[in-house]
Structure formats: structure tokens, C-alpha cells
file final.txt (compact mmCIF, C-alpha atoms)
# COMPACT_ATOMS: atom_id res chain seq x y z
CA MET O 1 29.39 -0.33 34.15
CA LYS O 2 28.69 1.16 30.74
CA GLY O 3 28.89 4.68 29.36
CA ALA O 4 31.38 7.54 29.19
CA LEU O 5 30.27 8.78 32.64
CA ALA O 6 30.26 5.39 34.36
CA GLY O 7 31.32 5.85 37.98
CA ILE O 8 30.09 9.47 38.17
CA LYS O 9 27.47 10.13 40.87
CA VAL O 10 24.91 12.93 40.50
CA LEU O 11 22.63 14.27 43.25
CA ASP O 12 19.70 15.91 41.50
CA PHE O 13 17.60 18.38 43.51
CA SER O 14 15.95 19.83 40.39
CA THR O 15 12.33 19.50 39.30
CA LEU O 16 10.15 19.96 36.23
CA LEU O 17 12.18 20.29 33.00
CA PRO O 18 15.64 21.94 32.74
CA GLY O 19 17.56 20.10 35.47
CA PRO O 20 15.82 16.73 34.99
CA MET O 21 16.52 16.80 31.25
CA ALA O 22 20.17 17.65 31.90
CA THR O 23 20.54 14.77 34.36
CA LEU O 24 18.72 12.47 31.93
CA PHE O 25 21.52 13.16 29.44
CA LEU O 26 24.09 12.41 32.16
CA ALA O 27 22.26 9.21 33.07
CA ASP O 28 22.19 8.13 29.43
CA ALA O 29 25.97 8.63 29.38
CA GLY O 30 26.32 6.18 32.29
CA ALA O 31 26.19 8.41 35.38
CA GLU O 32 24.33 7.30 38.50
CA VAL O 33 21.64 9.94 39.06
CA ILE O 34 19.85 10.12 42.42
CA LYS O 35 16.82 12.40 42.57
CA ILE O 36 16.19 14.11 45.90
CA GLU O 37 12.44 14.68 46.18
CA ARG O 38 10.09 16.03 48.82
CA PRO O 39 8.15 13.33 50.70
CA GLY O 40 4.54 12.74 49.77
CA ARG O 41 4.40 14.71 46.51
CA GLY O 42 7.84 14.45 44.97
CA ASP O 43 8.82 16.30 41.83
CA GLU O 44 5.94 18.56 40.72
CA MET O 45 6.11 16.91 37.31
CA ARG O 46 4.78 13.65 38.82
CA SER O 47 1.35 15.25 39.23
CA TYR O 48 0.96 16.42 35.62
CA ASP O 49 -1.48 14.91 33.13
CA PRO O 50 -1.67 12.62 31.31
CA LYS O 51 -0.79 9.91 33.78
CA TRP O 52 1.02 6.70 32.86
CA GLY O 53 1.08 4.15 35.62
CA GLY O 54 1.62 5.92 38.94
CA SER O 55 3.13 9.16 37.58
CA ALA O 56 2.82 11.58 34.70
CA ILE O 57 4.21 10.47 31.36
CA ASN O 58 6.23 13.73 31.38
CA PHE O 59 7.98 12.58 34.54
CA ALA O 60 8.59 9.11 33.15
CA MET O 61 10.13 10.50 29.95
CA LEU O 62 12.58 12.75 31.82
CA ASN O 63 13.50 10.52 34.76
CA ARG O 64 13.97 6.99 33.46
CA GLY O 65 17.07 5.26 34.71
CA LYS O 66 17.37 7.41 37.86
CA LYS O 67 16.97 6.62 41.56
CA SER O 68 14.67 8.47 43.95
CA LEU O 69 15.11 9.52 47.58
CA ALA O 70 12.24 11.11 49.49
CA VAL O 71 13.91 13.61 51.85
CA ASP O 72 12.49 16.52 53.86
CA LEU O 73 15.07 19.23 53.23
CA LYS O 74 13.54 21.41 55.96
CA ASP O 75 14.51 18.82 58.58
CA PRO O 76 18.19 19.18 59.66
CA ALA O 77 18.27 15.52 60.65
CA GLU O 78 17.27 14.52 57.12
CA ILE O 79 19.92 16.81 55.67
CA GLU O 80 22.49 15.14 57.90
CA ARG O 81 21.55 11.77 56.44
CA LEU O 82 22.64 13.09 53.05
CA ALA O 83 26.15 13.95 54.27
CA PRO O 84 27.75 10.67 53.09
CA LEU O 85 26.28 11.24 49.64
CA PHE O 86 27.63 14.77 49.49
CA ARG O 87 31.09 13.48 50.35
CA GLU O 88 31.11 10.96 47.50
CA ALA O 89 29.06 12.83 44.87
CA ASP O 90 30.71 14.23 41.76
CA ILE O 91 27.89 16.56 40.73
CA VAL O 92 25.03 18.40 42.44
CA MET O 93 22.24 19.77 40.28
CA GLU O 94 19.72 22.25 41.70
CA GLN O 95 17.10 24.61 40.35
CA PHE O 96 15.91 26.63 43.35
CA ARG O 97 15.92 30.42 43.47
CA PRO O 98 19.30 31.85 44.50
CA GLY O 99 19.94 31.49 48.24
CA VAL O 100 17.56 28.60 48.95
CA MET O 101 20.22 25.89 49.16
CA GLU O 102 22.41 28.18 51.29
CA ARG O 103 19.56 28.64 53.78
CA LEU O 104 19.21 24.88 53.95
CA GLY O 105 22.92 24.60 54.76
CA ILE O 106 23.80 22.76 51.55
CA GLY O 107 24.95 25.54 49.23
CA TYR O 108 28.18 25.24 47.27
CA GLU O 109 30.48 26.69 49.93
CA ALA O 110 29.14 24.28 52.56
CA LEU O 111 29.42 21.28 50.26
CA ARG O 112 32.92 22.05 49.01
CA LYS O 113 34.12 21.83 52.62
CA LEU O 114 32.87 18.26 52.67
CA ASN O 115 34.02 17.53 49.13
CA PRO O 116 36.48 19.92 47.42
CA GLY O 117 36.01 18.17 44.09
CA ILE O 118 32.25 18.62 43.93
CA ILE O 119 30.79 20.21 40.79
CA TYR O 120 27.74 22.25 41.72
CA CYS O 121 25.38 23.33 38.93
CA ALA O 122 22.58 25.82 39.68
CA ILE O 123 20.01 26.50 36.94
CA THR O 124 17.87 29.63 37.33
CA GLY O 125 15.93 31.94 35.08
CA TYR O 126 18.15 35.00 35.49
CA GLY O 127 21.32 33.75 37.17
CA GLN O 128 22.75 34.10 40.66
CA THR O 129 23.42 37.86 40.40
CA GLY O 130 21.88 40.96 38.83
CA PRO O 131 18.74 43.00 39.55
CA LYS O 132 16.35 40.23 38.40
CA HIS O 133 18.09 37.25 40.02
CA LEU O 134 15.19 36.62 42.42
CA ALA O 135 12.37 37.30 39.93
CA ALA O 136 9.88 34.53 39.19
CA GLY O 137 9.51 33.50 35.57
CA HIS O 138 8.92 30.76 33.05
CA ASP O 139 10.11 30.02 29.54
CA LEU O 140 7.93 32.63 27.84
CA ASN O 141 9.26 35.32 30.18
CA TYR O 142 12.90 34.39 29.54
CA ILE O 143 12.65 34.32 25.75
CA GLY O 144 10.72 37.58 25.95
CA ASP O 145 13.32 39.28 28.14
CA ALA O 146 16.17 38.10 25.92
CA GLY O 147 14.54 39.58 22.82
CA LEU O 148 14.20 36.21 21.09
CA LEU O 149 10.41 36.19 21.15
CA SER O 150 10.24 39.60 19.47
CA LEU O 151 11.68 38.16 16.25
CA SER O 152 8.79 35.78 15.54
CA MET O 153 5.62 35.99 17.62
CA GLY O 154 2.94 36.24 14.95
CA PRO O 155 0.80 39.26 14.06
CA PRO O 156 -0.86 41.26 16.87
CA GLU O 157 -4.27 39.88 15.95
CA HIS O 158 -2.99 36.31 16.22
CA PRO O 159 0.09 36.09 18.47
CA THR O 160 1.85 32.73 18.37
CA VAL O 161 3.35 30.97 21.37
CA PRO O 162 6.52 29.02 20.36
CA PRO O 163 6.10 25.24 20.05
CA ALA O 164 9.07 24.40 22.29
CA LEU O 165 10.29 25.42 25.74
CA ILE O 166 13.39 27.03 24.29
CA ALA O 167 14.82 28.60 27.45
CA ASP O 168 14.28 25.50 29.59
CA ILE O 169 15.94 23.13 27.13
CA ALA O 170 18.31 25.15 24.94
CA GLY O 171 19.03 27.78 27.61
CA GLY O 172 19.03 25.49 30.64
CA ALA O 173 19.50 21.76 30.09
CA TYR O 174 22.03 21.89 27.26
CA PRO O 175 24.34 24.58 28.73
CA ALA O 176 24.22 22.75 32.05
CA VAL O 177 25.46 19.51 30.47
CA VAL O 178 28.13 21.31 28.43
CA ASN O 179 29.49 23.12 31.50
CA ILE O 180 29.34 20.04 33.72
CA LEU O 181 31.44 18.12 31.21
CA LEU O 182 33.91 21.03 31.03
CA ALA O 183 34.04 21.12 34.85
CA LEU O 184 34.78 17.39 34.98
CA ARG O 185 37.64 17.91 32.54
CA GLU O 186 38.94 20.83 34.63
CA ARG O 187 38.72 18.71 37.77
CA ASP O 188 40.81 16.04 36.05
CA ARG O 189 43.45 18.71 35.55
CA THR O 190 43.34 20.52 38.91
CA GLY O 191 41.53 18.22 41.33
CA GLU O 192 39.12 21.04 42.20
CA GLY O 193 35.38 21.25 41.73
CA THR O 194 33.51 24.40 40.75
CA PHE O 195 30.24 26.32 40.94
CA ILE O 196 28.33 26.60 37.66
CA ASP O 197 25.83 29.46 37.35
CA ILE O 198 23.42 28.66 34.49
CA SER O 199 21.09 31.52 33.62
CA MET O 200 18.46 30.34 31.15
CA SER O 201 17.92 33.87 29.87
CA ASP O 202 21.68 34.52 29.44
CA SER O 203 22.05 31.34 27.42
CA LEU O 204 19.51 32.45 24.83
CA PHE O 205 21.73 35.12 23.29
CA PRO O 206 23.68 32.70 21.05
CA PHE O 207 20.36 32.19 19.23
CA LEU O 208 20.34 35.93 18.53
CA TYR O 209 23.78 36.06 16.90
CA TRP O 210 22.41 37.12 13.52
CA ALA O 211 19.91 39.63 14.92
CA MET O 212 22.51 41.22 17.18
CA GLY O 213 25.04 41.43 14.37
CA GLU O 214 22.53 42.83 11.90
CA GLY O 215 21.36 45.49 14.32
CA MET O 216 24.81 46.57 15.42
CA VAL O 217 26.14 46.86 11.85
CA THR O 218 23.13 48.39 10.10
CA GLY O 219 21.68 50.37 13.00
CA LYS O 220 18.31 48.63 12.48
CA PHE O 221 17.51 45.62 14.61
CA PRO O 222 15.17 42.97 13.16
CA GLY O 223 11.51 43.14 14.07
CA ASN O 224 8.66 40.65 14.26
CA GLY O 225 8.77 38.31 11.26
CA ASP O 226 10.58 40.70 8.95
CA SER O 227 13.93 38.96 8.40
CA LEU O 228 15.20 36.15 6.20
CA VAL O 229 14.87 33.34 8.76
CA THR O 230 11.71 34.63 10.44
CA GLY O 231 9.44 34.72 7.38
CA GLY O 232 10.24 38.17 6.05
CA GLY O 233 10.75 36.93 2.50
CA PRO O 234 9.66 34.13 0.16
CA ARG O 235 12.76 31.94 0.62
CA TYR O 236 12.12 30.88 4.22
CA GLN O 237 8.40 30.57 4.60
CA LEU O 238 5.42 28.41 5.47
CA TYR O 239 2.95 28.04 2.60
CA PRO O 240 -0.51 26.42 3.02
CA THR O 241 -1.52 23.70 0.56
CA SER O 242 -4.98 23.16 -0.92
CA ASP O 243 -5.83 20.51 1.69
CA GLY O 244 -4.82 22.46 4.79
CA ARG O 245 -1.29 21.12 5.22
CA MET O 246 1.82 23.29 5.18
CA VAL O 247 4.91 23.43 3.00
CA ALA O 248 8.10 24.32 4.87
CA ALA O 249 10.00 26.13 2.12
CA ALA O 250 13.65 26.97 2.83
CA PRO O 251 15.39 27.42 -0.55
CA ILE O 252 17.66 30.15 0.79
CA GLU O 253 20.74 29.63 -1.37
CA GLN O 254 20.45 30.87 -4.94
CA LYS O 255 20.87 27.42 -6.51
CA PHE O 256 18.01 26.04 -4.43
CA TRP O 257 15.90 29.14 -5.08
CA GLU O 258 16.32 28.77 -8.83
CA THR O 259 15.36 25.09 -8.66
CA PHE O 260 12.36 25.97 -6.48
CA CYS O 261 11.17 28.63 -8.91
CA GLU O 262 11.48 26.22 -11.85
CA THR O 263 9.71 23.47 -9.93
CA ILE O 264 6.66 25.58 -9.12
CA ASN O 265 6.82 27.41 -12.48
CA LEU O 266 7.00 30.85 -10.90
CA ASP O 267 6.67 33.80 -13.28
CA PRO O 268 10.24 34.72 -14.37
CA ASP O 269 9.54 38.38 -13.63
CA LEU O 270 9.05 37.51 -9.94
CA ARG O 271 12.10 35.32 -9.42
CA ASP O 272 14.33 38.21 -8.43
CA ASP O 273 12.90 38.55 -4.94
CA THR O 274 15.04 41.58 -4.15
CA ARG O 275 12.74 43.74 -6.27
CA ASP O 276 9.45 43.14 -4.46
CA ALA O 277 9.69 40.35 -1.88
CA ALA O 278 6.05 40.72 -0.81
CA LYS O 279 4.79 40.35 -4.37
CA THR O 280 6.95 37.27 -4.96
CA LYS O 281 5.83 35.72 -1.67
CA LYS O 282 2.17 36.30 -2.57
CA ALA O 283 2.61 34.66 -5.97
CA VAL O 284 4.39 31.64 -4.47
CA ALA O 285 1.65 31.27 -1.87
CA GLU O 286 -1.02 31.23 -4.56
CA ILE O 287 0.81 28.51 -6.51
CA ILE O 288 1.36 26.31 -3.45
CA ALA O 289 -2.27 26.75 -2.39
CA GLY O 290 -3.40 25.33 -5.73
CA ARG O 291 -2.13 21.80 -5.06
CA SER O 292 -2.37 19.17 -2.33
CA ALA O 293 0.28 18.32 0.20
CA GLU O 294 0.87 14.93 -1.41
CA TYR O 295 1.50 16.55 -4.77
CA TRP O 296 4.05 18.92 -3.28
CA ARG O 297 5.63 16.15 -1.17
CA GLU O 298 6.44 14.15 -4.30
CA THR O 299 7.35 17.17 -6.40
CA PHE O 300 9.76 18.70 -3.89
CA ALA O 301 11.31 15.34 -3.02
CA ALA O 302 12.23 14.94 -6.68
CA ALA O 303 13.48 18.53 -6.95
CA ASP O 304 15.61 18.33 -3.76
CA CYS O 305 15.38 22.07 -3.07
CA CYS O 306 14.99 22.24 0.72
CA CYS O 307 11.18 22.06 0.73
CA THR O 308 9.16 19.58 2.75
CA ILE O 309 5.67 19.03 4.14
CA VAL O 310 5.31 19.85 7.84
CA LYS O 311 4.71 16.61 9.72
CA THR O 312 2.59 16.05 12.79
CA VAL O 313 4.37 14.55 15.81
CA ASP O 314 2.97 11.07 15.18
CA GLU O 315 3.96 11.26 11.51
CA ALA O 316 7.49 12.26 12.49
CA MET O 317 7.75 9.34 14.93
CA ALA O 318 6.67 6.98 12.14
CA ASP O 319 9.08 8.46 9.57
CA PRO O 320 11.14 5.64 7.99
CA HIS O 321 14.28 7.81 8.19
CA PHE O 322 14.13 8.15 11.99
CA LYS O 323 13.12 4.53 12.33
CA ALA O 324 16.10 3.44 10.26
CA ARG O 325 18.38 5.36 12.63
CA GLY O 326 16.88 3.55 15.62
CA LEU O 327 15.77 6.81 17.20
CA PHE O 328 12.70 5.33 18.85
CA ASP O 329 13.92 1.81 19.55
CA ARG O 330 14.34 2.30 23.31
CA ARG O 331 11.33 2.02 25.58
CA ILE O 332 10.43 3.12 29.11
CA THR O 333 9.09 0.59 31.54
CA GLY O 334 7.63 1.09 35.00
CA GLY O 335 4.22 2.38 33.99
CA ALA O 336 1.23 0.61 32.50
CA GLY O 337 1.23 -1.94 29.68
CA ASP O 338 4.27 -2.85 27.62
CA GLY O 339 5.98 0.51 27.91
CA VAL O 340 6.24 3.57 25.70
CA THR O 341 8.91 5.02 23.46
CA ALA O 342 11.75 6.61 25.39
CA LEU O 343 12.74 10.20 24.73
CA PRO O 344 15.74 10.18 22.34
CA THR O 345 18.71 12.03 23.79
CA PRO O 346 21.79 13.38 21.97
CA ILE O 347 24.20 10.93 23.61
CA ALA O 348 26.11 9.07 20.89
CA ALA O 349 25.79 5.29 20.95
CA PRO O 350 29.45 4.53 21.82
CA LEU O 351 29.21 6.81 24.89
CA ARG O 352 25.85 5.62 26.15
CA GLY O 353 25.18 3.65 29.32
CA ASP O 354 22.17 1.44 30.06
CA ALA O 355 19.90 3.97 31.79
CA SER O 356 17.45 3.86 28.91
CA GLU O 357 16.85 0.21 29.73
CA ARG O 358 15.81 0.96 33.34
CA PRO O 359 12.40 2.22 34.53
CA TYR O 360 11.60 5.58 36.05
CA PRO O 361 11.65 5.50 39.89
CA ALA O 362 8.73 5.49 42.26
CA LEU O 363 8.95 8.26 44.85
CA GLY O 364 11.44 7.25 47.55
CA SER O 365 12.04 3.86 45.96
CA ASP O 366 15.74 3.93 46.86
CA ASN O 367 15.62 5.31 50.42
CA LYS O 368 16.36 1.99 52.07
CA GLU O 369 19.20 1.08 49.73
CA VAL O 370 20.94 4.48 49.56
CA LEU O 371 20.35 6.28 52.86
CA PRO O 372 21.97 5.12 56.13
call {"tool": "encode", "arguments": {"input": "final.txt", "output": "C-alpha cells"}}
result
Amino acid sequence: MKGALAGIKVLDFSTLLPGPMATLFLADAGAEVIKIERPGRGDEMRSYDPKWGGSAINFAMLNRGKKSLAVDLKDPAEIERLAPLFREADIVMEQFRPGVMERLGIGYEALRKLNPGIIYCAITGYGQTGPKHLAAGHDLNYIGDAGLLSLSMGPPEHPTVPPALIADIAGGAYPAVVNILLALRERDRTGEGTFIDISMSDSLFPFLYWAMGEGMVTGKFPGNGDSLVTGGGPRYQLYPTSDGRMVAAAPIEQKFWETFCETINLDPDLRDDTRDAAKTKKAVAEIIAGRSAEYWRETFAAADCCCTIVKTVDEAMADPHFKARGLFDRRITGGAGDGVTALPTPIAAPLRGDASERPYPALGSDNKEVLP
């Protein structure tokens, strides 16, 4: 068995994105991950488009290397069949609203009686307690409630939805993995398992460290797009080129800013951006708009001043740098054709198991092998 988590067994009751991504990381580190899915339909993600083989490509990306059991959790007899797995499992991952697993008879307190060392991780939008703990929500709601969205959501006439599911991944999957690993270490020390309450909205506040600090010290909290790292000045900004591409300009430090100004030949009177940031930003935008993306790509590469051309997803996947690092070498099988590129995960090579070499599971594919 390969991987830092070889020998660890995970029962995964989660669906869609946060929990499945977290257990994908665990699987890549060598853990055995068994998905518990509802019969007939399975994880909701299986039904998404576009399809690849028998399931959605989204499902395949997040669930490669796992096993699947089709189990009716509303049937007590089916729950009873899971008892041997609960006794030997190291980790349970679930993503229901608070109280659902308890009503099914398989909440943390029930499972710890069967297995005192079990580590039980529950991912929810607002946590297990508090006035909003039962409220429905999705990523946009969580980043909105945490104040993160207010810092950069575009102008009122053209509001911008963020390009990533920040709460699901950065507020859910990553904190879940971090706390599970801490719980495993604590269990090594004490022999006891634990309950992990992951609130996706709670976990967003580390991203607000600078905004919180600025507001508490100055008495003025940052607004929409008016701060250094949200486009409020010329040093951290997106500038359109003449051919419709975009320069990602981030020459924040003075040495990079001075090189940037020299490189684009900005009027010396405008280089002190503390005088009139809007005027400097306008002048920079006009200069960048006068040349093509290819011109600026070569120019900024030579200048080495933290300025690049924004890539499309397919361009990024073809980037020689990422290819040289082997980021997209692994492939998923189990669908149609010769397979597709596997989702890279942040598990370091020496700690990785072989889950990335195994296909995603068909619904209930492991019932006969795993269940009594």
C-alpha cells in the first residue's frame, strides 16, 4: 500500500463538491475512500453535464480512486449492514444539514459508541450551531455573508460573480483535510476520535485578514474594489490590451513599480501614485491598450516586474512550466476513450498513493465486495 494515509479507511457520505474534494485529497494520500450513495441516482454530481462515459465529468474528476456503495439510508436494515464498516472506519465525512445523520441513527455520538477512535467531519454552510445553522445556501451566499464578496464584486451596472467556488473549496474542502490530519495526530496521542465542525462561512475569514485589520485600525473598512489588492490603485490591476486580452499587473513593491513604469515609459509626473491614483491608473490603461498582448507578454517577461498576460484555461493547461512539473501527467480512466487529465491535487509526490491511477466508481460497484 502506498501513500502517507495507507491503511486509513474513510466512509464518505458527502456529495457535490466540498466533501468529495476533501476525500479526493485523502485518497490521493493513500486512504481507502468508500462513497455511500443513494440507490438509483447516487451523488447528485453524477447527473451534471457534460457527461463523460456513464457519469458527469465533474463527478469523475472528484471521485477517481474511490469505491461506491449504493445504500438506502432511510432503511434501518441497510444502516445495520454498514455497522461493520463503522467499527473499522477511521474517518466519516458528511455534508448534510445539522441533525440529519442523528435522525438516521448514525450521528457522531452513536458512532463513537461503536468506534471510540472515529474521526467524524461534518461540512455545512454555517456550522452546527448558531441562528443560521439550518439555513440553506450555496457558495455565493457564504462569501456574501462573510463579507468577502463585498470587496470585489464589480460595479453595480456590471456585477461580477467570482470565477471559483471559494467557500466550497477554500472554506470547506481544505479546512476539512487540515482538521482531519490534526485529528489523526491527536488520536495517535490519546487514542480518541473527535467531531469536526467545518463551517464554510466561518472558514472564509482568514481571507479577510487584511480587510479586518484595516477596518479595525483605521475605522474605515474597505469597500468594493477600492483597496490595493482589489483594484483600487494602478499597482494591482487588470489592463486590456489592443487585441482584447488582459494584462495582470501586480508590481506592488516599489522596485517592481519603478521597473514597470520604466518598461511602459509612464510619464515621470505620474509615477508617484500616491498623488492621484486614478489619474495614474488611467494613463497606464491607455498605454497598455495601445499594444497587443503578445507585445506585452514579451516585454514584461524581459522586465520581470510581476506582470503577465491572463491565460485561458486551455492555455494554462498547455503552459510548458506546468507541463515540466508534471501537473497534468495523471489521467482518469473509466469513462469514454483514452481518458482525460486528472485534477491535480496538492498532495506532494512522496506522500501520494496510487488513487490517481484508478478509475472513478460506477454507482454501487463495490456493494458485493464490501457489504456483508
call {"tool": "closest_residue", "arguments": {"input": "final.txt", "among": "O:Pro361, O:Gly171, O:Gly19, O:Gly326", "to": "Ala56 (chain O)", "atoms": "all atoms listed in the file"}}
result
O:Pro361
call {"tool": "closest_residue", "arguments": {"input": "final.txt", "among": "O:Ile36, O:Leu228, O:Ala293, O:Ala4", "to": "Ser152 (chain O)", "atoms": "all atoms listed in the file"}}
result
O:Leu228
call {"tool": "closest_residue", "arguments": {"input": "final.txt", "among": "O:Ile198, O:Leu363, O:Ala110, O:Ala248", "to": "Arg38 (chain O)", "atoms": "all atoms listed in the file"}}
result
O:Leu363
call {"tool": "closest_residue", "arguments": {"input": "final.txt", "among": "O:Gly172, O:Pro18, O:Gly193, O:Gly127", "to": "Leu114 (chain O)", "atoms": "only C-alpha atoms"}}
result
O:Gly193
call {"tool": "residues_around", "arguments": {"input": "final.txt", "residues": "Gly105 (chain O)", "least_positions_apart": "6", "cutoff": "9 Å", "atoms": "only C-alpha atoms", "output": "PyMOL selection string"}}
result
chain O and resi 76+79+111
call {"tool": "residues_around", "arguments": {"input": "final.txt", "residues": "Lys67 (chain O)", "least_positions_apart": "2", "cutoff": "12 Å", "atoms": "only C-alpha atoms", "output": "count of residues only"}}
result
35
call {"tool": "atom_distance", "arguments": {"input": "final.txt", "atom1": "CA of Ile8 (chain O)", "atom2": "CA of Ala89 (chain O)"}}
result
7.6 Å
call {"tool": "atom_distance", "arguments": {"input": "final.txt", "atom1": "CA of Leu184 (chain O)", "atom2": "CA of Ile91 (chain O)"}}
result
9.0 Å
call {"tool": "decode", "arguments": {"input": "final.txt", "residues": "region 1-31 of chain O", "atoms": "C-alpha atoms", "output": "compact mmCIF listing (two decimals), in the first residue's frame"}}
result
# COMPACT_ATOMS: atom_id res chain seq x y z
CA MET O 1 0.00 0.00 0.00
CA LYS O 2 1.32 3.41 -0.98
CA GLY O 3 0.83 6.88 0.43
CA ALA O 4 1.08 8.67 3.77
CA LEU O 5 -2.51 7.63 4.65
CA ALA O 6 -2.20 4.00 3.57
CA GLY O 7 -4.33 1.85 5.87
CA ILE O 8 -6.77 4.68 6.70
CA LYS O 9 -10.42 3.97 5.83
CA VAL O 10 -12.84 6.80 5.02
CA LEU O 11 -16.63 6.50 4.76
CA ASP O 12 -17.79 9.40 2.61
CA PHE O 13 -21.48 10.38 2.80
CA SER O 14 -20.87 13.76 1.13
CA THR O 15 -21.99 14.89 -2.32
CA LEU O 16 -21.28 17.59 -4.88
CA LEU O 17 -18.04 19.49 -4.17
CA PRO O 18 -16.64 20.24 -0.67
CA GLY O 19 -16.65 16.77 0.89
CA PRO O 20 -15.80 14.87 -2.30
CA MET O 21 -12.82 17.15 -2.97
CA ALA O 22 -11.60 16.68 0.60
CA THR O 23 -11.83 12.89 0.32
CA LEU O 24 -10.14 13.05 -3.08
CA PHE O 25 -7.14 14.61 -1.33
CA LEU O 26 -7.25 11.84 1.28
CA ALA O 27 -7.50 9.20 -1.44
CA ASP O 28 -4.52 10.71 -3.25
CA ALA O 29 -2.58 10.39 0.02
CA GLY O 30 -3.32 6.65 0.08
CA ALA O 31 -6.54 6.40 2.12
